file entry30.txt (compact mmCIF, N, CA and C atoms)
# COMPACT_ATOMS: atom_id res chain seq x y z
N MET Z 1 -47.59 -34.96 11.99
CA MET Z 1 -46.73 -33.80 11.85
C MET Z 1 -45.48 -34.00 12.71
N ALA Z 2 -44.32 -33.80 12.14
CA ALA Z 2 -43.06 -33.97 12.87
C ALA Z 2 -42.86 -32.83 13.84
N THR Z 3 -42.29 -33.15 14.99
CA THR Z 3 -42.00 -32.10 15.96
C THR Z 3 -40.56 -31.64 15.79
N ILE Z 4 -40.35 -30.38 16.07
CA ILE Z 4 -39.02 -29.79 15.99
C ILE Z 4 -38.67 -29.29 17.38
N SER Z 5 -37.51 -29.66 17.88
CA SER Z 5 -37.11 -29.21 19.21
C SER Z 5 -36.89 -27.70 19.21
N ALA Z 6 -37.03 -27.11 20.38
CA ALA Z 6 -36.85 -25.66 20.50
C ALA Z 6 -35.47 -25.21 20.00
N PRO Z 7 -34.38 -25.89 20.40
CA PRO Z 7 -33.07 -25.46 19.88
C PRO Z 7 -32.97 -25.55 18.36
N ASP Z 8 -33.56 -26.65 17.78
CA ASP Z 8 -33.52 -26.78 16.33
C ASP Z 8 -34.33 -25.69 15.65
N LEU Z 9 -35.50 -25.39 16.22
CA LEU Z 9 -36.35 -24.34 15.65
C LEU Z 9 -35.64 -22.99 15.71
N CYS Z 10 -35.05 -22.67 16.85
CA CYS Z 10 -34.32 -21.40 16.98
C CYS Z 10 -33.15 -21.34 16.01
N ARG Z 11 -32.45 -22.45 15.87
CA ARG Z 11 -31.32 -22.49 14.95
C ARG Z 11 -31.80 -22.27 13.52
N GLU Z 12 -32.91 -22.92 13.15
CA GLU Z 12 -33.44 -22.78 11.80
C GLU Z 12 -33.88 -21.35 11.54
N ILE Z 13 -34.58 -20.76 12.47
CA ILE Z 13 -35.03 -19.37 12.31
C ILE Z 13 -33.82 -18.45 12.25
N GLY Z 14 -32.88 -18.63 13.14
CA GLY Z 14 -31.69 -17.79 13.17
C GLY Z 14 -30.87 -17.91 11.90
N ASP Z 15 -30.66 -19.14 11.43
CA ASP Z 15 -29.88 -19.36 10.21
C ASP Z 15 -30.53 -18.65 9.03
N ASN Z 16 -31.82 -18.82 8.88
CA ASN Z 16 -32.52 -18.20 7.75
C ASN Z 16 -32.47 -16.69 7.84
N LYS Z 17 -32.61 -16.14 9.01
CA LYS Z 17 -32.59 -14.69 9.18
C LYS Z 17 -31.23 -14.12 8.77
N VAL Z 18 -30.17 -14.74 9.25
CA VAL Z 18 -28.82 -14.27 8.91
C VAL Z 18 -28.58 -14.41 7.42
N ARG Z 19 -28.92 -15.56 6.87
CA ARG Z 19 -28.73 -15.76 5.44
C ARG Z 19 -29.53 -14.76 4.63
N ASP Z 20 -30.78 -14.52 5.03
CA ASP Z 20 -31.62 -13.58 4.29
C ASP Z 20 -31.01 -12.19 4.28
N VAL Z 21 -30.56 -11.72 5.43
CA VAL Z 21 -29.97 -10.38 5.52
C VAL Z 21 -28.71 -10.29 4.67
N LEU Z 22 -27.83 -11.26 4.81
CA LEU Z 22 -26.57 -11.23 4.06
C LEU Z 22 -26.82 -11.37 2.56
N GLU Z 23 -27.77 -12.21 2.18
CA GLU Z 23 -28.04 -12.39 0.75
C GLU Z 23 -28.70 -11.15 0.14
N ARG Z 24 -29.58 -10.48 0.89
CA ARG Z 24 -30.16 -9.23 0.38
C ARG Z 24 -29.08 -8.17 0.23
N MET Z 25 -28.19 -8.09 1.20
CA MET Z 25 -27.09 -7.14 1.11
C MET Z 25 -26.22 -7.47 -0.10
N TRP Z 26 -25.91 -8.75 -0.29
CA TRP Z 26 -25.07 -9.16 -1.41
C TRP Z 26 -25.74 -8.80 -2.74
N ASP Z 27 -27.05 -9.05 -2.84
CA ASP Z 27 -27.76 -8.73 -4.09
C ASP Z 27 -27.64 -7.25 -4.43
N ALA Z 28 -27.81 -6.38 -3.44
CA ALA Z 28 -27.70 -4.93 -3.68
C ALA Z 28 -26.27 -4.56 -4.08
N LEU Z 29 -25.30 -5.16 -3.40
CA LEU Z 29 -23.90 -4.85 -3.71
C LEU Z 29 -23.49 -5.39 -5.07
N ASP Z 30 -23.97 -6.58 -5.40
CA ASP Z 30 -23.68 -7.15 -6.72
C ASP Z 30 -24.23 -6.24 -7.81
N ALA Z 31 -25.45 -5.75 -7.62
CA ALA Z 31 -26.04 -4.83 -8.60
C ALA Z 31 -25.22 -3.56 -8.70
N HIS Z 32 -24.68 -3.11 -7.58
CA HIS Z 32 -23.84 -1.90 -7.61
C HIS Z 32 -22.55 -2.16 -8.40
N PHE Z 33 -21.88 -3.25 -8.07
CA PHE Z 33 -20.60 -3.53 -8.74
C PHE Z 33 -20.78 -3.83 -10.23
N ARG Z 34 -21.85 -4.53 -10.58
CA ARG Z 34 -22.03 -4.91 -11.98
C ARG Z 34 -22.75 -3.86 -12.81
N PHE Z 35 -23.70 -3.14 -12.20
CA PHE Z 35 -24.55 -2.24 -12.99
C PHE Z 35 -24.62 -0.82 -12.42
N LYS Z 36 -23.78 -0.53 -11.43
CA LYS Z 36 -23.80 0.77 -10.75
C LYS Z 36 -25.16 1.04 -10.09
N GLY Z 37 -25.76 -0.03 -9.56
CA GLY Z 37 -27.02 0.10 -8.83
C GLY Z 37 -26.83 0.97 -7.60
N PRO Z 38 -27.93 1.53 -7.09
CA PRO Z 38 -27.83 2.45 -5.96
C PRO Z 38 -27.46 1.74 -4.65
N VAL Z 39 -26.58 2.36 -3.91
CA VAL Z 39 -26.23 1.92 -2.55
C VAL Z 39 -26.03 3.20 -1.73
N PRO Z 40 -26.08 3.09 -0.39
CA PRO Z 40 -25.81 4.28 0.43
C PRO Z 40 -24.43 4.88 0.12
N ALA Z 41 -24.30 6.17 0.38
CA ALA Z 41 -23.08 6.90 0.02
C ALA Z 41 -21.81 6.29 0.61
N ARG Z 42 -21.87 5.87 1.87
CA ARG Z 42 -20.67 5.30 2.50
C ARG Z 42 -20.25 4.00 1.81
N THR Z 43 -21.24 3.21 1.40
CA THR Z 43 -20.94 1.97 0.70
C THR Z 43 -20.36 2.26 -0.68
N ALA Z 44 -20.92 3.25 -1.36
CA ALA Z 44 -20.41 3.63 -2.68
C ALA Z 44 -18.96 4.10 -2.57
N LYS Z 45 -18.66 4.87 -1.53
CA LYS Z 45 -17.30 5.36 -1.32
C LYS Z 45 -16.34 4.20 -1.05
N LEU Z 46 -16.77 3.26 -0.22
CA LEU Z 46 -15.95 2.08 0.07
C LEU Z 46 -15.68 1.29 -1.21
N ALA Z 47 -16.72 1.05 -1.99
CA ALA Z 47 -16.57 0.30 -3.24
C ALA Z 47 -15.64 1.02 -4.20
N ALA Z 48 -15.76 2.33 -4.27
CA ALA Z 48 -14.92 3.12 -5.17
C ALA Z 48 -13.46 3.09 -4.74
N GLY Z 49 -13.21 2.79 -3.47
CA GLY Z 49 -11.84 2.72 -2.96
C GLY Z 49 -11.07 1.52 -3.47
N GLY Z 50 -11.78 0.54 -4.04
CA GLY Z 50 -11.12 -0.62 -4.62
C GLY Z 50 -10.83 -1.72 -3.62
N ASP Z 51 -10.26 -2.79 -4.16
CA ASP Z 51 -10.01 -4.00 -3.38
C ASP Z 51 -9.11 -3.77 -2.17
N THR Z 52 -8.09 -2.96 -2.33
CA THR Z 52 -7.16 -2.72 -1.22
C THR Z 52 -7.88 -2.04 -0.06
N LYS Z 53 -8.68 -1.04 -0.35
CA LYS Z 53 -9.45 -0.34 0.69
C LYS Z 53 -10.41 -1.31 1.37
N MET Z 54 -11.11 -2.13 0.58
CA MET Z 54 -12.05 -3.09 1.16
C MET Z 54 -11.32 -4.10 2.03
N ALA Z 55 -10.17 -4.58 1.57
CA ALA Z 55 -9.39 -5.55 2.35
C ALA Z 55 -8.93 -4.94 3.67
N LYS Z 56 -8.50 -3.70 3.64
CA LYS Z 56 -8.07 -3.03 4.87
C LYS Z 56 -9.21 -2.91 5.86
N LYS Z 57 -10.42 -2.66 5.35
CA LYS Z 57 -11.58 -2.55 6.24
C LYS Z 57 -11.92 -3.89 6.88
N VAL Z 58 -11.77 -4.99 6.13
CA VAL Z 58 -12.00 -6.31 6.71
C VAL Z 58 -11.01 -6.55 7.85
N ILE Z 59 -9.75 -6.23 7.61
CA ILE Z 59 -8.72 -6.41 8.64
C ILE Z 59 -9.03 -5.53 9.85
N GLU Z 60 -9.38 -4.28 9.61
CA GLU Z 60 -9.69 -3.35 10.69
C GLU Z 60 -10.85 -3.86 11.55
N GLU Z 61 -11.91 -4.28 10.90
CA GLU Z 61 -13.09 -4.75 11.65
C GLU Z 61 -12.80 -6.05 12.40
N ALA Z 62 -12.03 -6.94 11.79
CA ALA Z 62 -11.66 -8.18 12.49
C ALA Z 62 -10.85 -7.85 13.74
N GLY Z 63 -9.95 -6.88 13.62
CA GLY Z 63 -9.18 -6.44 14.78
C GLY Z 63 -10.05 -5.84 15.87
N GLU Z 64 -11.08 -5.09 15.47
CA GLU Z 64 -11.98 -4.49 16.45
C GLU Z 64 -12.82 -5.55 17.15
N VAL Z 65 -13.19 -6.61 16.44
CA VAL Z 65 -13.89 -7.73 17.10
C VAL Z 65 -12.94 -8.35 18.12
N ALA Z 66 -11.71 -8.61 17.72
CA ALA Z 66 -10.73 -9.23 18.62
C ALA Z 66 -10.49 -8.37 19.87
N LEU Z 67 -10.38 -7.07 19.69
CA LEU Z 67 -10.19 -6.18 20.84
C LEU Z 67 -11.38 -6.22 21.78
N ALA Z 68 -12.57 -6.23 21.22
CA ALA Z 68 -13.78 -6.29 22.05
C ALA Z 68 -13.82 -7.60 22.83
N VAL Z 69 -13.40 -8.68 22.20
CA VAL Z 69 -13.35 -9.98 22.89
C VAL Z 69 -12.35 -9.91 24.03
N SER Z 70 -11.19 -9.30 23.77
CA SER Z 70 -10.14 -9.26 24.79
C SER Z 70 -10.55 -8.50 26.04
N VAL Z 71 -11.47 -7.56 25.92
CA VAL Z 71 -11.95 -6.82 27.10
C VAL Z 71 -13.32 -7.30 27.54
N LYS Z 72 -13.76 -8.41 26.93
CA LYS Z 72 -15.03 -9.06 27.28
C LYS Z 72 -16.23 -8.11 27.20
N ASP Z 73 -16.26 -7.30 26.13
CA ASP Z 73 -17.36 -6.37 25.91
C ASP Z 73 -18.33 -6.99 24.91
N ARG Z 74 -19.33 -7.70 25.43
CA ARG Z 74 -20.26 -8.45 24.60
C ARG Z 74 -20.97 -7.58 23.58
N GLU Z 75 -21.48 -6.43 23.99
CA GLU Z 75 -22.20 -5.55 23.07
C GLU Z 75 -21.30 -5.05 21.95
N GLU Z 76 -20.06 -4.76 22.26
CA GLU Z 76 -19.12 -4.31 21.24
C GLU Z 76 -18.76 -5.46 20.29
N VAL Z 77 -18.67 -6.68 20.82
CA VAL Z 77 -18.42 -7.83 19.96
C VAL Z 77 -19.56 -7.96 18.95
N ILE Z 78 -20.79 -7.79 19.41
CA ILE Z 78 -21.94 -7.87 18.50
C ILE Z 78 -21.87 -6.78 17.44
N ALA Z 79 -21.66 -5.55 17.87
CA ALA Z 79 -21.63 -4.42 16.93
C ALA Z 79 -20.48 -4.56 15.92
N GLU Z 80 -19.31 -4.90 16.40
CA GLU Z 80 -18.15 -5.03 15.50
C GLU Z 80 -18.28 -6.25 14.60
N SER Z 81 -18.92 -7.30 15.08
CA SER Z 81 -19.16 -8.48 14.23
C SER Z 81 -20.09 -8.12 13.08
N ALA Z 82 -21.10 -7.31 13.36
CA ALA Z 82 -22.00 -6.86 12.29
C ALA Z 82 -21.21 -6.04 11.26
N ASP Z 83 -20.31 -5.17 11.75
CA ASP Z 83 -19.47 -4.39 10.83
C ASP Z 83 -18.58 -5.30 10.00
N LEU Z 84 -18.01 -6.32 10.64
CA LEU Z 84 -17.14 -7.26 9.93
C LEU Z 84 -17.92 -8.01 8.85
N LEU Z 85 -19.12 -8.48 9.19
CA LEU Z 85 -19.93 -9.17 8.19
C LEU Z 85 -20.27 -8.25 7.02
N TYR Z 86 -20.60 -7.00 7.32
CA TYR Z 86 -20.88 -6.04 6.25
C TYR Z 86 -19.67 -5.92 5.32
N HIS Z 87 -18.50 -5.73 5.88
CA HIS Z 87 -17.30 -5.55 5.05
C HIS Z 87 -16.94 -6.83 4.30
N LEU Z 88 -17.19 -7.98 4.90
CA LEU Z 88 -16.97 -9.24 4.17
C LEU Z 88 -17.91 -9.33 2.97
N VAL Z 89 -19.17 -8.99 3.16
CA VAL Z 89 -20.13 -9.09 2.06
C VAL Z 89 -19.77 -8.10 0.94
N VAL Z 90 -19.33 -6.91 1.30
CA VAL Z 90 -18.88 -5.96 0.28
C VAL Z 90 -17.72 -6.57 -0.51
N THR Z 91 -16.79 -7.16 0.20
CA THR Z 91 -15.63 -7.77 -0.44
C THR Z 91 -16.04 -8.96 -1.31
N TRP Z 92 -16.94 -9.80 -0.79
CA TRP Z 92 -17.43 -10.93 -1.58
C TRP Z 92 -18.03 -10.44 -2.89
N ALA Z 93 -18.90 -9.44 -2.79
CA ALA Z 93 -19.58 -8.94 -3.99
C ALA Z 93 -18.58 -8.38 -5.00
N SER Z 94 -17.57 -7.70 -4.52
CA SER Z 94 -16.57 -7.14 -5.44
C SER Z 94 -15.79 -8.24 -6.15
N MET Z 95 -15.69 -9.40 -5.52
CA MET Z 95 -14.94 -10.53 -6.08
C MET Z 95 -15.85 -11.53 -6.78
N GLY Z 96 -17.15 -11.29 -6.78
CA GLY Z 96 -18.08 -12.23 -7.40
C GLY Z 96 -18.28 -13.50 -6.59
N VAL Z 97 -17.99 -13.43 -5.30
CA VAL Z 97 -18.20 -14.57 -4.40
C VAL Z 97 -19.59 -14.44 -3.80
N ARG Z 98 -20.46 -15.39 -4.11
CA ARG Z 98 -21.84 -15.37 -3.60
C ARG Z 98 -21.87 -15.93 -2.18
N PRO Z 99 -22.79 -15.46 -1.36
CA PRO Z 99 -22.92 -16.05 -0.01
C PRO Z 99 -23.06 -17.57 -0.07
N GLU Z 100 -23.80 -18.07 -1.06
CA GLU Z 100 -23.98 -19.53 -1.16
C GLU Z 100 -22.65 -20.24 -1.40
N ASP Z 101 -21.68 -19.57 -2.02
CA ASP Z 101 -20.35 -20.18 -2.19
C ASP Z 101 -19.71 -20.41 -0.83
N VAL Z 102 -19.87 -19.44 0.06
CA VAL Z 102 -19.33 -19.55 1.42
C VAL Z 102 -20.10 -20.62 2.19
N TRP Z 103 -21.45 -20.61 2.07
CA TRP Z 103 -22.26 -21.62 2.78
C TRP Z 103 -21.86 -23.02 2.31
N ASN Z 104 -21.63 -23.18 1.00
CA ASN Z 104 -21.24 -24.49 0.48
C ASN Z 104 -19.91 -24.95 1.05
N GLU Z 105 -18.97 -24.03 1.17
CA GLU Z 105 -17.67 -24.36 1.77
C GLU Z 105 -17.86 -24.77 3.23
N MET Z 106 -18.70 -24.04 3.94
CA MET Z 106 -18.93 -24.38 5.34
C MET Z 106 -19.64 -25.73 5.48
N THR Z 107 -20.57 -26.02 4.58
CA THR Z 107 -21.26 -27.31 4.60
C THR Z 107 -20.27 -28.44 4.33
N ALA Z 108 -19.36 -28.24 3.39
CA ALA Z 108 -18.34 -29.26 3.10
C ALA Z 108 -17.44 -29.49 4.30
N ARG Z 109 -17.08 -28.42 4.99
CA ARG Z 109 -16.25 -28.56 6.19
C ARG Z 109 -17.00 -29.29 7.30
N GLU Z 110 -18.27 -28.96 7.45
CA GLU Z 110 -19.08 -29.64 8.46
C GLU Z 110 -19.14 -31.13 8.16
N ALA Z 111 -19.31 -31.49 6.89
CA ALA Z 111 -19.37 -32.90 6.50
C ALA Z 111 -18.03 -33.59 6.77
N ALA Z 112 -16.93 -32.87 6.54
CA ALA Z 112 -15.60 -33.46 6.71
C ALA Z 112 -15.16 -33.54 8.17
N TYR Z 113 -15.51 -32.50 8.96
CA TYR Z 113 -14.97 -32.40 10.31
C TYR Z 113 -16.02 -32.49 11.42
N GLY Z 114 -17.30 -32.52 11.05
CA GLY Z 114 -18.35 -32.54 12.06
C GLY Z 114 -18.69 -31.16 12.58
N LEU Z 115 -17.93 -30.18 12.17
CA LEU Z 115 -18.14 -28.78 12.55
C LEU Z 115 -17.53 -27.94 11.44
N ALA Z 116 -18.15 -26.84 11.10
CA ALA Z 116 -17.65 -26.01 10.00
C ALA Z 116 -16.45 -25.18 10.45
N GLU Z 117 -15.43 -25.87 10.91
CA GLU Z 117 -14.26 -25.19 11.45
C GLU Z 117 -13.24 -24.87 10.36
N LYS Z 118 -12.21 -24.17 10.77
CA LYS Z 118 -11.13 -23.83 9.84
C LYS Z 118 -10.38 -25.10 9.45
N ARG Z 119 -10.07 -25.19 8.15
CA ARG Z 119 -9.31 -26.34 7.68
C ARG Z 119 -7.86 -26.24 8.14
N ALA Z 120 -7.22 -27.39 8.30
CA ALA Z 120 -5.81 -27.43 8.66
C ALA Z 120 -4.98 -26.84 7.53
N LYS Z 121 -3.90 -26.16 7.87
CA LYS Z 121 -3.03 -25.54 6.85
C LYS Z 121 -2.54 -26.56 5.84
N SER Z 122 -2.23 -27.77 6.26
CA SER Z 122 -1.72 -28.78 5.34
C SER Z 122 -2.77 -29.11 4.28
N THR Z 123 -4.05 -29.11 4.65
CA THR Z 123 -5.12 -29.38 3.69
C THR Z 123 -5.22 -28.26 2.67
N ILE Z 124 -5.13 -27.02 3.13
CA ILE Z 124 -5.22 -25.86 2.24
C ILE Z 124 -4.05 -25.87 1.26
N ASN Z 125 -2.84 -26.11 1.75
CA ASN Z 125 -1.65 -26.12 0.91
C ASN Z 125 -1.71 -27.21 -0.14
N ARG Z 126 -2.23 -28.40 0.21
CA ARG Z 126 -2.36 -29.49 -0.76
C ARG Z 126 -3.32 -29.11 -1.89
N GLN Z 127 -4.40 -28.42 -1.55
CA GLN Z 127 -5.39 -28.05 -2.56
C GLN Z 127 -4.85 -26.98 -3.50
N ARG Z 128 -3.97 -26.12 -3.02
CA ARG Z 128 -3.39 -25.05 -3.87
C ARG Z 128 -2.28 -25.59 -4.74
N GLY Z 129 -1.53 -26.54 -4.21
CA GLY Z 129 -0.34 -27.04 -4.88
C GLY Z 129 -0.65 -27.95 -5.98
call {"tool": "encode", "arguments": {"input": "entry30.txt", "output": "structure tokens"}}
result
Amino acid sequence: MATISAPDLCREIGDNKVRDVLERMWDALDAHFRFKGPVPARTAKLAAGGDTKMAKKVIEEAGEVALAVSVKDREEVIAESADLLYHLVVTWASMGVRPEDVWNEMTAREAAYGLAEKRAKSTINRQRG
């Protein structure tokens, strides 16, 4: 039997947990956008607000994460990051972007750069042009 180091085991458990939560959320949101499946009232209101409303919420939550970082409030960074992830998943579902699409992009970046970091602007511009 192969042994798994503690950091690798924690990373594996953590990765799966995050993916599971985000994918379950995406599934519910996808059902809402495509078939008017049930979601909590606040989520339904956000979805009904359209793409512009959802985009504004992503910007707002990203700003709140940044502010929490600037004052070194760890608990607020965690809470606002959860809000940001929620709003990203709502936006993904409205656009038909599956979590696996994002994971695949991150995997490709990791393969290219050794870390799933942001691509250089010149790379992005070449791919669009």
call {"tool": "closest_atom_pairs", "arguments": {"input": "entry30.txt", "of": "stretch 90-119 of chain Z", "to": "stretch 33-50 of chain Z", "cutoff": "8 Å", "atoms": "all atoms listed in the file", "output": "CSV"}}
result
residue,atom,partner,partner_atom,distance
Z:Val90,C,Z:Ala47,CA,7.5
Z:Ala93,C,Z:Phe33,CA,6.4
Z:Ser94,CA,Z:Phe33,CA,6.3
call {"tool": "write_last_selection", "arguments": {"input": "entry30.txt", "atoms": "N, CA and C atoms", "output": "mmCIF file, keeping the file's coordinate frame"}}
result
data_model
loop_
_atom_site.group_PDB
_atom_site.id
_atom_site.type_symbol
_atom_site.label_atom_id
_atom_site.label_comp_id
_atom_site.auth_asym_id
_atom_site.auth_seq_id
_atom_site.Cartn_x
_atom_site.Cartn_y
_atom_site.Cartn_z
ATOM 1 N N VAL Z 90 -19.330 -6.910 1.300
ATOM 2 C CA VAL Z 90 -18.880 -5.960 0.280
ATOM 3 C C VAL Z 90 -17.720 -6.570 -0.510
ATOM 4 N N ALA Z 93 -18.900 -9.440 -2.790
ATOM 5 C CA ALA Z 93 -19.580 -8.940 -3.990
ATOM 6 C C ALA Z 93 -18.580 -8.380 -5.000
ATOM 7 N N SER Z 94 -17.570 -7.700 -4.520
ATOM 8 C CA SER Z 94 -16.570 -7.140 -5.440
ATOM 9 C C SER Z 94 -15.790 -8.240 -6.150
#
call {"tool": "atom_distance", "arguments": {"input": "entry30.txt", "atom1": "atom CA of Z:Glu61", "atom2": "atom CA of Z:Leu84"}}
result
5.1 Å
call {"tool": "select_by_dssp", "arguments": {"input": "entry30.txt", "residues": "chain Z", "states": "helix (DSSP H, G or I)", "output": "VMD selection string"}}
result
chain Z and resid 6 to 35 41 to 48 50 to 70 74 to 95 99 to 113 121 to 128
call {"tool": "residues_near_point", "arguments": {"input": "entry30.txt", "point": "(-24.1, -16.9, 5.6)", "cutoff": "8 Å", "atoms": "all atoms listed in the file", "output": "list of chain:residue names"}}
result
Z:Asp15, Z:Val18, Z:Arg19, Z:Asp20, Z:Leu22, Z:Glu23, Z:Pro99, Z:Glu100, Z:Val102, Z:Trp103
call {"tool": "residues_around", "arguments": {"input": "entry30.txt", "residues": "Z:Ile59", "least_positions_apart": "4", "cutoff": "12 Å", "atoms": "only C-alpha atoms", "output": "CSV table (one decimal) with N, CA and C atoms, keeping the file's coordinate frame"}}
result
chain,number,residue,atom,x,y,z
Z,52,THR,N,-8.1,-3.0,-2.3
Z,52,THR,CA,-7.2,-2.7,-1.2
Z,52,THR,C,-7.9,-2.0,-0.1
Z,53,LYS,N,-8.7,-1.0,-0.4
Z,53,LYS,CA,-9.4,-0.3,0.7
Z,53,LYS,C,-10.4,-1.3,1.4
Z,54,MET,N,-11.1,-2.1,0.6
Z,54,MET,CA,-12.0,-3.1,1.2
Z,54,MET,C,-11.3,-4.1,2.0
Z,55,ALA,N,-10.2,-4.6,1.6
Z,55,ALA,CA,-9.4,-5.6,2.4
Z,55,ALA,C,-8.9,-4.9,3.7
Z,63,GLY,N,-10.0,-6.9,13.6
Z,63,GLY,CA,-9.2,-6.4,14.8
Z,63,GLY,C,-10.0,-5.8,15.9
Z,64,GLU,N,-11.1,-5.1,15.5
Z,64,GLU,CA,-12.0,-4.5,16.4
Z,64,GLU,C,-12.8,-5.6,17.2
Z,65,VAL,N,-13.2,-6.6,16.4
Z,65,VAL,CA,-13.9,-7.7,17.1
Z,65,VAL,C,-12.9,-8.4,18.1
Z,66,ALA,N,-11.7,-8.6,17.7
Z,66,ALA,CA,-10.7,-9.2,18.6
Z,66,ALA,C,-10.5,-8.4,19.9
Z,80,GLU,N,-19.3,-4.9,16.4
Z,80,GLU,CA,-18.2,-5.0,15.5
Z,80,GLU,C,-18.3,-6.2,14.6
Z,83,ASP,N,-20.3,-5.2,11.8
Z,83,ASP,CA,-19.5,-4.4,10.8
Z,83,ASP,C,-18.6,-5.3,10.0
Z,84,LEU,N,-18.0,-6.3,10.6
Z,84,LEU,CA,-17.1,-7.3,9.9
Z,84,LEU,C,-17.9,-8.0,8.8
Z,85,LEU,N,-19.1,-8.5,9.2
Z,85,LEU,CA,-19.9,-9.2,8.2
Z,85,LEU,C,-20.3,-8.2,7.0
Z,87,HIS,N,-18.5,-5.7,5.9
Z,87,HIS,CA,-17.3,-5.6,5.0
Z,87,HIS,C,-16.9,-6.8,4.3
Z,88,LEU,N,-17.2,-8.0,4.9
Z,88,LEU,CA,-17.0,-9.2,4.2
Z,88,LEU,C,-17.9,-9.3,3.0
Z,91,THR,N,-16.8,-7.2,0.2
Z,91,THR,CA,-15.6,-7.8,-0.4
Z,91,THR,C,-16.0,-9.0,-1.3
call {"tool": "atom_distance", "arguments": {"input": "entry30.txt", "atom1": "atom CA of Z:Glu117", "atom2": "atom CA of Z:Asn104"}}
result
13.0 Å
call {"tool": "atom_distance", "arguments": {"input": "entry30.txt", "atom1": "atom C of Z:Ile78", "atom2": "atom C of Z:Glu60"}}
result
12.8 Å
